Amino acid sequence: MPGQRPSVGAWLRAPRAGPAWPRPPAVAARTLLLEKAHHPRDKTCAGGVIPKALHILDRLGIALDVPTVTVDRAGIAVPGGRVIVDEPSLCHVVRRREFDARLAWAARDRGVVLREGEHVTHVARDGDG
């Protein structure tokens, strides 16, 4: 149809450019990261980065160089009481706008193809899965 962008045939590894992207360099060369918006962009979900994610970032050589607030205690009300978790550095809260942009740009700098402003309307599997 006139005005339509051509379809993209690619091996997709991550559906969007959030914290799920970290991959080894050999995989990065074959990875296409699609983002509906343009970075930096607003994201309404929480920005808690757990210690395991910090470890992965460190292994990848990516600094957590955005403003953070450390959470050492969390609580939740459940039927019949409350659950309290009291643990140093339980997580670090970040602004997703800044954090996700840094992750997406770090992926791009490591060979991942970052395509922003992409609206995924259909996903189809080929013969390889």
# chains A, B, ... in the order shown; residues from 1 in each chain; ligands from 1
>>> residues_around(residues="Glu116 in chain A", least_positions_apart="2", cutoff="12 Å", atoms="only C-alpha atoms", output="ChimeraX atom specification")
/A:15-17,32-41,101,104-105,108,113-114,118-120
>>> select_by_dssp(residues="range 30-114 of chain A", states="alpha helix (DSSP H)", output="NGL selection string")
:A and (51-59 or 96-109)
>>> residues_around(residues="range 63-75 of chain A", least_positions_apart="3", cutoff="7 Å", atoms="only C-alpha atoms", output="PyMOL selection string")
chain A and resi 57-58+82-94+98-99
>>> write_last_selection(atoms="N, CA and C atoms", output="PDB file, in the first residue's frame")
ATOM      1  N   LEU A  57      24.737  -6.028  34.645  1.00  0.00           N
ATOM      2  CA  LEU A  57      25.254  -4.788  34.063  1.00  0.00           C
ATOM      3  C   LEU A  57      26.764  -4.690  34.244  1.00  0.00           C
ATOM      4  N   ASP A  58      27.235  -5.048  35.433  1.00  0.00           N
ATOM      5  CA  ASP A  58      28.666  -5.015  35.713  1.00  0.00           C
ATOM      6  C   ASP A  58      29.426  -5.977  34.800  1.00  0.00           C
ATOM      7  N   ARG A  82       1.094  -8.246  57.442  1.00  0.00           N
ATOM      8  CA  ARG A  82       2.027  -7.537  56.565  1.00  0.00           C
ATOM      9  C   ARG A  82       3.282  -8.377  56.379  1.00  0.00           C
ATOM     10  N   VAL A  83       3.894  -8.227  55.233  1.00  0.00           N
ATOM     11  CA  VAL A  83       5.183  -8.866  54.975  1.00  0.00           C
ATOM     12  C   VAL A  83       6.197  -7.741  54.845  1.00  0.00           C
ATOM     13  N   ILE A  84       7.252  -7.834  55.634  1.00  0.00           N
ATOM     14  CA  ILE A  84       8.322  -6.830  55.598  1.00  0.00           C
ATOM     15  C   ILE A  84       9.609  -7.517  55.164  1.00  0.00           C
ATOM     16  N   VAL A  85      10.293  -6.918  54.206  1.00  0.00           N
ATOM     17  CA  VAL A  85      11.605  -7.408  53.781  1.00  0.00           C
ATOM     18  C   VAL A  85      12.605  -6.331  54.173  1.00  0.00           C
ATOM     19  N   ASP A  86      13.511  -6.700  55.047  1.00  0.00           N
ATOM     20  CA  ASP A  86      14.516  -5.787  55.568  1.00  0.00           C
ATOM     21  C   ASP A  86      15.884  -6.290  55.115  1.00  0.00           C
ATOM     22  N   GLU A  87      16.414  -5.701  54.043  1.00  0.00           N
ATOM     23  CA  GLU A  87      17.672  -6.192  53.474  1.00  0.00           C
ATOM     24  C   GLU A  87      18.423  -5.030  52.841  1.00  0.00           C
ATOM     25  N   PRO A  88      19.688  -4.845  53.200  1.00  0.00           N
ATOM     26  CA  PRO A  88      20.465  -3.755  52.590  1.00  0.00           C
ATOM     27  C   PRO A  88      20.502  -3.888  51.063  1.00  0.00           C
ATOM     28  N   SER A  89      20.324  -2.771  50.395  1.00  0.00           N
ATOM     29  CA  SER A  89      20.354  -2.718  48.922  1.00  0.00           C
ATOM     30  C   SER A  89      19.396  -3.725  48.296  1.00  0.00           C
ATOM     31  N   LEU A  90      18.184  -3.760  48.801  1.00  0.00           N
ATOM     32  CA  LEU A  90      17.135  -4.633  48.258  1.00  0.00           C
ATOM     33  C   LEU A  90      16.938  -4.359  46.773  1.00  0.00           C
ATOM     34  N   CYS A  91      16.927  -3.091  46.420  1.00  0.00           N
ATOM     35  CA  CYS A  91      16.903  -2.693  45.012  1.00  0.00           C
ATOM     36  C   CYS A  91      17.291  -1.220  44.928  1.00  0.00           C
ATOM     37  N   HIS A  92      17.497  -0.776  43.705  1.00  0.00           N
ATOM     38  CA  HIS A  92      17.803   0.630  43.450  1.00  0.00           C
ATOM     39  C   HIS A  92      16.728   1.140  42.500  1.00  0.00           C
ATOM     40  N   VAL A  93      16.072   2.215  42.879  1.00  0.00           N
ATOM     41  CA  VAL A  93      15.010   2.782  42.052  1.00  0.00           C
ATOM     42  C   VAL A  93      15.631   3.823  41.119  1.00  0.00           C
ATOM     43  N   VAL A  94      15.294   3.702  39.846  1.00  0.00           N
ATOM     44  CA  VAL A  94      15.815   4.603  38.816  1.00  0.00           C
ATOM     45  C   VAL A  94      14.645   5.237  38.080  1.00  0.00           C
ATOM     46  N   GLU A  98      15.530   7.624  31.889  1.00  0.00           N
ATOM     47  CA  GLU A  98      16.980   7.711  31.759  1.00  0.00           C
ATOM     48  C   GLU A  98      17.626   6.333  31.666  1.00  0.00           C
ATOM     49  N   PHE A  99      17.195   5.417  32.526  1.00  0.00           N
ATOM     50  CA  PHE A  99      17.788   4.079  32.581  1.00  0.00           C
ATOM     51  C   PHE A  99      17.598   3.318  31.273  1.00  0.00           C
TER      52      PHE A  99
END
